[in-house]
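In what follows, a single structure is set out as structure tokens and then discussed.
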Protein chains: 2
Amino acid sequence: MRDALTPKGRATRDRIVAGAAEVLREQGVAFTTLDDVRGRTGTSKSQLFHYFPGGKDELLLAVARFEAGRVLEDQQPYLGRLDSWEAWASWRDVVVERYELQGDHCPLGALFLQVGRDRPGSRAIVVELMRRWQEHLARGVRALQTGGLVAADLDAERTAAALLAGVQGGVAILMATGDSAHLRAALDTGIEHLRRAAVNPPSREPTSCVPGTPPP
Amino acid sequence: MRDALTPKGRATRDRIVAGAAEVLREQGVAFTTLDDVRGRTGTSKSQLFHYFPGGKDELLLAVARFEAGRVLEDQQPYLGRLDSWEAWASWRDVVVERYELQGDHCPLGALFLQVGRDRPGSRAIVVELMRRWQEHLARGVRALQTGGLVAADLDAERTAAALLAGVQGGVAILMATGDSAHLRAALDTGIEHLRRAAVNPPSREPTSCVPGTPPP
């Protein structure tokens with residue numbers, strides 16, 4: 001259905017989703033009605049039904065997708081350009097600042113709590129967010145490798161997965177305890193891990209010398 | 001009130017909590033009544049009220065504390081004795097296996113969802129669990145340092161915090177996506193980080209040689 005929209009229809013739908021995200025952030029998922037969303041976005045009942053025939057749950061899922069996109073946008077431009085140590089350091093700062101500001105209020109988590117995090121629609125959004133996030137990080141590791149800053153034999157995908165896990169866990173602990181020490185530790189240790197991979201001596205390949213033969 | 005219990009009273013209370021944890025795991029928090037708990041543990045209404053005057057919520061918090069203890073117990077004996085690379089590897093395997101088996105069902109998370117994760121009682125349990133978990137890991141890093149396996153200048157506390165964040169995030173992603181790759185990556189990269197700290201050359205202390213003076 002989403003693909004069938006005209007450019008204008010898509011723009012309207014996007015506007016409703018952005019407006020709904022705003023209201024939901026302000027009022028909380030549990031206290032927001034479709035009427036609130038209509039009021040904020042100047043949308044009629046039939047219009048809302050046209051774009052979200054599945055009702056509130058479909059709208060909430062669309063907002064969750066929007067909020068998931070925002071998670072990555074908030075880390076730009078650094079996340080998309082992790083090709084120097086400076087960029088990694090700036091990215092680290094942005095992530096810490098974003099989640100310290102957010103505190104224990106996670107718009108995406110609140111939406112999933114309402115829609116049901118086990119629903120296929122919710123799962124798909126999380127899977128996609130994790131995939132894209134990790135892809136950015138892996139691309140960053142490979143950029144360091146291309147630039148000769150990190151040893152080529154480091155597994156970029158696994159390093160990115162570990163870093164992503166550390167960020168997720170750090171944020172979860174921050175939300176549960178109010179302390180960002182774990183998030184900072186995960187980021188700093190992850191970047192330090194990359195840096196150590198840089199200063200490592202090149203892998204010890206067996207020399208071509210045969211004992212007794214003089215080197216070429 | 002808990003401190004005022006006699007040893008026998010405490011044993012009875014512990015038995016109720018363990019029995020309640022069993023029923024809750026089997027039936028789910030939302031579908032378990034106090035009558036179910038009484039039935040399983042052979043407890044009268046007045047007995048239950050005696051030990052949990054706060055009612056169901058107080059019992060659920062006690063079960064949450066019990067389940068939190070179980071999280072650490074399930075990682076023993078390795079978590080308590082991380083003094084060799086073999087112990088770290090075994091611990092890693094136990095953690096992966098435990099959470100792969102658990103899949104997307106987290107007894108502790110389900111309890112917090114019911115009791116309210118923002119309640120001071122819930123928070124205290126999470127904070128305490130994270131603190132003890134991290135303490136085990138930091139002690140393990142220090143044991144490696146004492147054994148000369150890891151450089152002494154590695155920040156044990158920060159390394160432990162990062163590793164804990166990685167495990168938490170890895171488990172969260174496993175629960176959300178069904179894929180344990182991130183948990184494995186976090187553990188493997190974390191342990192690799194420790195190993196790299198081992199093979200580092202000793203810190204370059206300034207030699208005592210003065211230019212022009214022959215070495216002693």
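Going by the structure tokens order, chains are called A, B, ..., each with residues numbered from 1, while ligands are numbered from 1 in the order shown.
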
(message) as a PyMOL selection string, could you give me every residue of chain A near chain B (at most 9 Å apart, counting only C-alpha atoms)?
(response) chain A and resi 104+117-118+123-124+126-127+130+158-173+176-177+181-190+192-193+196-197+200

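The shell of residues at most 10 Å from B:Leu60, with only C-alpha atoms counted and near chain neighbours (fewer than 6 positions) removed, consists of Val17, Ala20, Ala21, Leu24, Val29, Phe52, Phe66, Leu108, Leu111, Phe112, Gln114, Val115 and Ser122 of chain B.
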
Dump as a CSV table (one decimal), in the first residue's frame, selection limited to all heavy atoms:
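Output saved as again32.csv:
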```csv
chain,number,residue,atom,x,y,z
B,17,VAL,N,9.7,-18.2,47.6
B,17,VAL,CA,10.2,-17.4,46.5
B,17,VAL,C,10.6,-18.4,45.4
B,17,VAL,O,10.3,-18.2,44.2
B,17,VAL,CB,11.4,-16.6,46.9
B,17,VAL,CG1,12.1,-15.9,45.7
B,17,VAL,CG2,10.9,-15.5,47.9
B,20,ALA,N,7.6,-19.9,43.7
B,20,ALA,CA,6.9,-18.9,42.9
B,20,ALA,C,7.7,-18.6,41.6
B,20,ALA,O,7.1,-18.5,40.6
B,20,ALA,CB,6.8,-17.5,43.7
B,21,ALA,N,9.0,-18.6,41.7
B,21,ALA,CA,9.8,-18.4,40.5
B,21,ALA,C,9.5,-19.5,39.5
B,21,ALA,O,9.4,-19.3,38.3
B,21,ALA,CB,11.3,-18.4,40.9
B,24,LEU,N,6.1,-19.0,38.0
B,24,LEU,CA,6.1,-17.8,37.1
B,24,LEU,C,6.8,-18.2,35.8
B,24,LEU,O,6.4,-17.7,34.7
B,24,LEU,CB,6.8,-16.7,37.8
B,24,LEU,CG,5.9,-16.0,38.9
B,24,LEU,CD1,6.8,-15.2,39.8
B,24,LEU,CD2,4.8,-15.1,38.3
B,29,VAL,N,4.2,-14.3,34.0
B,29,VAL,CA,3.8,-13.4,35.1
B,29,VAL,C,2.3,-13.0,35.0
B,29,VAL,O,1.6,-13.0,36.0
B,29,VAL,CB,4.7,-12.2,35.1
B,29,VAL,CG1,4.3,-11.2,36.2
B,29,VAL,CG2,6.2,-12.5,35.2
B,52,PHE,N,4.9,-11.8,52.9
B,52,PHE,CA,4.9,-10.7,51.8
B,52,PHE,C,3.7,-9.8,52.1
B,52,PHE,O,2.7,-9.9,51.4
B,52,PHE,CB,4.8,-11.3,50.4
B,52,PHE,CG,5.9,-12.3,50.2
B,52,PHE,CD1,5.8,-13.6,50.4
B,52,PHE,CD2,7.2,-11.8,49.8
B,52,PHE,CE1,6.9,-14.5,50.2
B,52,PHE,CE2,8.2,-12.6,49.6
B,52,PHE,CZ,8.1,-14.0,49.8
B,66,PHE,N,15.6,-13.1,43.2
B,66,PHE,CA,16.0,-14.5,43.1
B,66,PHE,C,16.5,-14.8,41.7
B,66,PHE,O,17.6,-15.4,41.5
B,66,PHE,CB,14.8,-15.3,43.5
B,66,PHE,CG,15.0,-16.8,43.3
B,66,PHE,CD1,15.7,-17.6,44.3
B,66,PHE,CD2,14.5,-17.5,42.2
B,66,PHE,CE1,15.8,-19.0,44.1
B,66,PHE,CE2,14.7,-18.8,42.0
B,66,PHE,CZ,15.3,-19.6,42.9
B,108,LEU,N,13.5,-12.4,34.1
B,108,LEU,CA,13.8,-11.1,34.9
B,108,LEU,C,13.1,-10.0,34.2
B,108,LEU,O,12.4,-9.2,34.8
B,108,LEU,CB,15.3,-10.9,35.0
B,108,LEU,CG,15.8,-9.9,36.1
B,108,LEU,CD1,15.2,-10.3,37.4
B,108,LEU,CD2,17.3,-9.9,36.1
B,111,LEU,N,9.3,-10.0,34.7
B,111,LEU,CA,9.0,-9.6,36.0
B,111,LEU,C,9.0,-8.0,36.1
B,111,LEU,O,8.1,-7.4,36.6
B,111,LEU,CB,9.9,-10.1,37.1
B,111,LEU,CG,9.7,-11.6,37.4
B,111,LEU,CD1,11.0,-12.2,38.1
B,111,LEU,CD2,8.5,-11.8,38.3
B,112,PHE,N,10.0,-7.4,35.5
B,112,PHE,CA,10.1,-6.0,35.6
B,112,PHE,C,9.0,-5.3,34.8
B,112,PHE,O,8.5,-4.3,35.2
B,112,PHE,CB,11.5,-5.5,35.1
B,112,PHE,CG,12.6,-5.8,36.0
B,112,PHE,CD1,13.8,-6.2,35.6
B,112,PHE,CD2,12.4,-5.7,37.4
B,112,PHE,CE1,14.9,-6.5,36.5
B,112,PHE,CE2,13.4,-5.9,38.3
B,112,PHE,CZ,14.7,-6.3,37.8
B,114,GLN,N,6.1,-6.4,34.6
B,114,GLN,CA,4.9,-6.5,35.4
B,114,GLN,C,5.0,-5.5,36.6
B,114,GLN,O,4.0,-4.7,36.8
B,114,GLN,CB,4.7,-7.9,35.9
B,114,GLN,CG,3.4,-8.1,36.6
B,114,GLN,CD,2.3,-8.2,35.7
B,114,GLN,OE1,2.4,-8.4,34.5
B,114,GLN,NE2,1.1,-8.0,36.2
B,115,VAL,N,6.1,-5.5,37.3
B,115,VAL,CA,6.2,-4.7,38.5
B,115,VAL,C,6.4,-3.2,38.1
B,115,VAL,O,6.1,-2.3,38.9
B,115,VAL,CB,7.4,-5.2,39.4
B,115,VAL,CG1,7.5,-4.4,40.7
B,115,VAL,CG2,7.2,-6.7,39.6
B,122,SER,N,12.8,-2.3,41.6
B,122,SER,CA,13.3,-2.9,40.4
B,122,SER,C,14.7,-2.4,40.1
B,122,SER,O,15.6,-3.1,39.8
B,122,SER,CB,12.3,-2.6,39.2
B,122,SER,OG,11.0,-3.0,39.5
```

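Reported to one decimal place, the separation of atom CA of B:Gly55 from atom CA of B:Asp36 is 13.8 Å.
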
(request) Could you please write out, as number ranges by chain, every residue of stretch 16-131 of chain A that DSSP assigns to alpha helix (DSSP H)? (result) A: 16-27, 34-41, 45-51, 56-73, 85-102, 107-115, 120-131

Print the selection's residues with C-alpha atoms to a file, as a PDB file, in the first residue's frame.
```pdb
ATOM      1  CA  ILE A  16       1.403  12.707   9.566  1.00  0.00           C
ATOM      2  CA  VAL A  17       4.052  10.324  10.843  1.00  0.00           C
ATOM      3  CA  ALA A  18       6.408  13.164  11.814  1.00  0.00           C
ATOM      4  CA  GLY A  19       3.577  15.011  13.551  1.00  0.00           C
ATOM      5  CA  ALA A  20       2.457  11.874  15.351  1.00  0.00           C
ATOM      6  CA  ALA A  21       6.038  11.255  16.497  1.00  0.00           C
ATOM      7  CA  GLU A  22       6.073  14.753  17.972  1.00  0.00           C
ATOM      8  CA  VAL A  23       2.817  14.292  19.903  1.00  0.00           C
ATOM      9  CA  LEU A  24       3.867  10.846  21.081  1.00  0.00           C
ATOM     10  CA  ARG A  25       7.173  12.174  22.378  1.00  0.00           C
ATOM     11  CA  GLU A  26       5.400  14.957  24.228  1.00  0.00           C
ATOM     12  CA  GLN A  27       2.456  13.071  25.673  1.00  0.00           C
ATOM     13  CA  LEU A  34      -5.743   9.374  17.207  1.00  0.00           C
ATOM     14  CA  ASP A  35      -7.659  12.602  17.773  1.00  0.00           C
ATOM     15  CA  ASP A  36      -4.501  14.167  19.226  1.00  0.00           C
ATOM     16  CA  VAL A  37      -2.641  13.158  16.092  1.00  0.00           C
ATOM     17  CA  ARG A  38      -5.409  14.521  13.854  1.00  0.00           C
ATOM     18  CA  GLY A  39      -5.383  17.783  15.781  1.00  0.00           C
ATOM     19  CA  ARG A  40      -1.637  18.217  15.498  1.00  0.00           C
ATOM     20  CA  THR A  41      -1.401  17.289  11.835  1.00  0.00           C
ATOM     21  CA  LYS A  45     -10.572  10.947  10.133  1.00  0.00           C
ATOM     22  CA  SER A  46     -11.015   9.606   6.622  1.00  0.00           C
ATOM     23  CA  GLN A  47      -7.575  10.877   5.610  1.00  0.00           C
ATOM     24  CA  LEU A  48      -5.971   9.149   8.583  1.00  0.00           C
ATOM     25  CA  PHE A  49      -7.821   5.958   7.712  1.00  0.00           C
ATOM     26  CA  HIS A  50      -6.742   6.283   4.091  1.00  0.00           C
ATOM     27  CA  TYR A  51      -3.060   6.320   5.038  1.00  0.00           C
ATOM     28  CA  LYS A  56      -3.495   3.164  15.634  1.00  0.00           C
ATOM     29  CA  ASP A  57      -1.167   0.149  15.575  1.00  0.00           C
ATOM     30  CA  GLU A  58      -0.219   0.746  11.974  1.00  0.00           C
ATOM     31  CA  LEU A  59       0.423   4.414  12.698  1.00  0.00           C
ATOM     32  CA  LEU A  60       2.522   3.507  15.756  1.00  0.00           C
ATOM     33  CA  LEU A  61       4.609   1.109  13.695  1.00  0.00           C
ATOM     34  CA  ALA A  62       5.162   3.816  11.095  1.00  0.00           C
ATOM     35  CA  VAL A  63       6.268   6.178  13.863  1.00  0.00           C
ATOM     36  CA  ALA A  64       8.577   3.461  15.226  1.00  0.00           C
ATOM     37  CA  ARG A  65      10.172   3.180  11.783  1.00  0.00           C
ATOM     38  CA  PHE A  66      10.539   6.969  11.750  1.00  0.00           C
ATOM     39  CA  GLU A  67      12.111   6.987  15.216  1.00  0.00           C
ATOM     40  CA  ALA A  68      14.475   4.183  14.204  1.00  0.00           C
ATOM     41  CA  GLY A  69      15.658   6.323  11.298  1.00  0.00           C
ATOM     42  CA  ARG A  70      16.168   9.169  13.726  1.00  0.00           C
ATOM     43  CA  VAL A  71      18.465   7.054  15.896  1.00  0.00           C
ATOM     44  CA  LEU A  72      20.890   6.868  12.992  1.00  0.00           C
ATOM     45  CA  GLU A  73      20.350  10.439  11.790  1.00  0.00           C
ATOM     46  CA  TRP A  85      40.331   8.643  14.372  1.00  0.00           C
ATOM     47  CA  GLU A  86      38.886  12.155  14.705  1.00  0.00           C
ATOM     48  CA  ALA A  87      35.611  10.991  13.129  1.00  0.00           C
ATOM     49  CA  TRP A  88      35.431   8.006  15.482  1.00  0.00           C
ATOM     50  CA  ALA A  89      36.053  10.286  18.466  1.00  0.00           C
ATOM     51  CA  SER A  90      33.347  12.724  17.336  1.00  0.00           C
ATOM     52  CA  TRP A  91      30.912   9.881  16.755  1.00  0.00           C
ATOM     53  CA  ARG A  92      31.643   8.567  20.236  1.00  0.00           C
ATOM     54  CA  ASP A  93      30.903  11.997  21.741  1.00  0.00           C
ATOM     55  CA  VAL A  94      27.648  12.353  19.820  1.00  0.00           C
ATOM     56  CA  VAL A  95      26.422   8.945  20.935  1.00  0.00           C
ATOM     57  CA  VAL A  96      27.233   9.594  24.586  1.00  0.00           C
ATOM     58  CA  GLU A  97      25.611  13.024  24.481  1.00  0.00           C
ATOM     59  CA  ARG A  98      22.492  11.770  22.699  1.00  0.00           C
ATOM     60  CA  TYR A  99      21.801   9.017  25.182  1.00  0.00           C
ATOM     61  CA  GLU A 100      22.731  11.038  28.249  1.00  0.00           C
ATOM     62  CA  LEU A 101      20.227  13.667  27.130  1.00  0.00           C
ATOM     63  CA  GLN A 102      17.605  11.036  26.411  1.00  0.00           C
ATOM     64  CA  PRO A 107      10.694   6.816  22.294  1.00  0.00           C
ATOM     65  CA  LEU A 108      11.361   3.676  20.266  1.00  0.00           C
ATOM     66  CA  GLY A 109      11.200   1.412  23.314  1.00  0.00           C
ATOM     67  CA  ALA A 110       7.962   3.041  24.455  1.00  0.00           C
ATOM     68  CA  LEU A 111       6.399   2.411  21.054  1.00  0.00           C
ATOM     69  CA  PHE A 112       7.422  -1.243  21.058  1.00  0.00           C
ATOM     70  CA  LEU A 113       6.059  -1.628  24.553  1.00  0.00           C
ATOM     71  CA  GLN A 114       2.713  -0.435  23.234  1.00  0.00           C
ATOM     72  CA  VAL A 115       2.622  -2.254  19.907  1.00  0.00           C
ATOM     73  CA  PRO A 120       6.689  -9.213  13.233  1.00  0.00           C
ATOM     74  CA  GLY A 121       6.357  -5.523  12.347  1.00  0.00           C
ATOM     75  CA  SER A 122       8.281  -4.458  15.448  1.00  0.00           C
ATOM     76  CA  ARG A 123      10.917  -7.119  14.993  1.00  0.00           C
ATOM     77  CA  ALA A 124      11.482  -6.110  11.389  1.00  0.00           C
ATOM     78  CA  ILE A 125      12.142  -2.518  12.453  1.00  0.00           C
ATOM     79  CA  VAL A 126      14.681  -3.559  15.097  1.00  0.00           C
ATOM     80  CA  VAL A 127      16.403  -6.015  12.761  1.00  0.00           C
ATOM     81  CA  GLU A 128      16.642  -3.370  10.054  1.00  0.00           C
ATOM     82  CA  LEU A 129      17.924  -0.709  12.475  1.00  0.00           C
ATOM     83  CA  MET A 130      20.599  -3.037  13.822  1.00  0.00           C
ATOM     84  CA  ARG A 131      21.589  -4.077  10.284  1.00  0.00           C
TER      85      ARG A 131
END
```

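Of note, atom CA of A:Val141 and atom CA of A:Ser84 are spaced 9.6 Å apart.
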
(message) Using Å and a single decimal, report how far atom CA of A:Leu79 sits from atom CA of A:Leu154.
(response)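 Result for atom CA of A:Leu154 versus atom CA of A:Leu79: 19.5 Å, one decimal.
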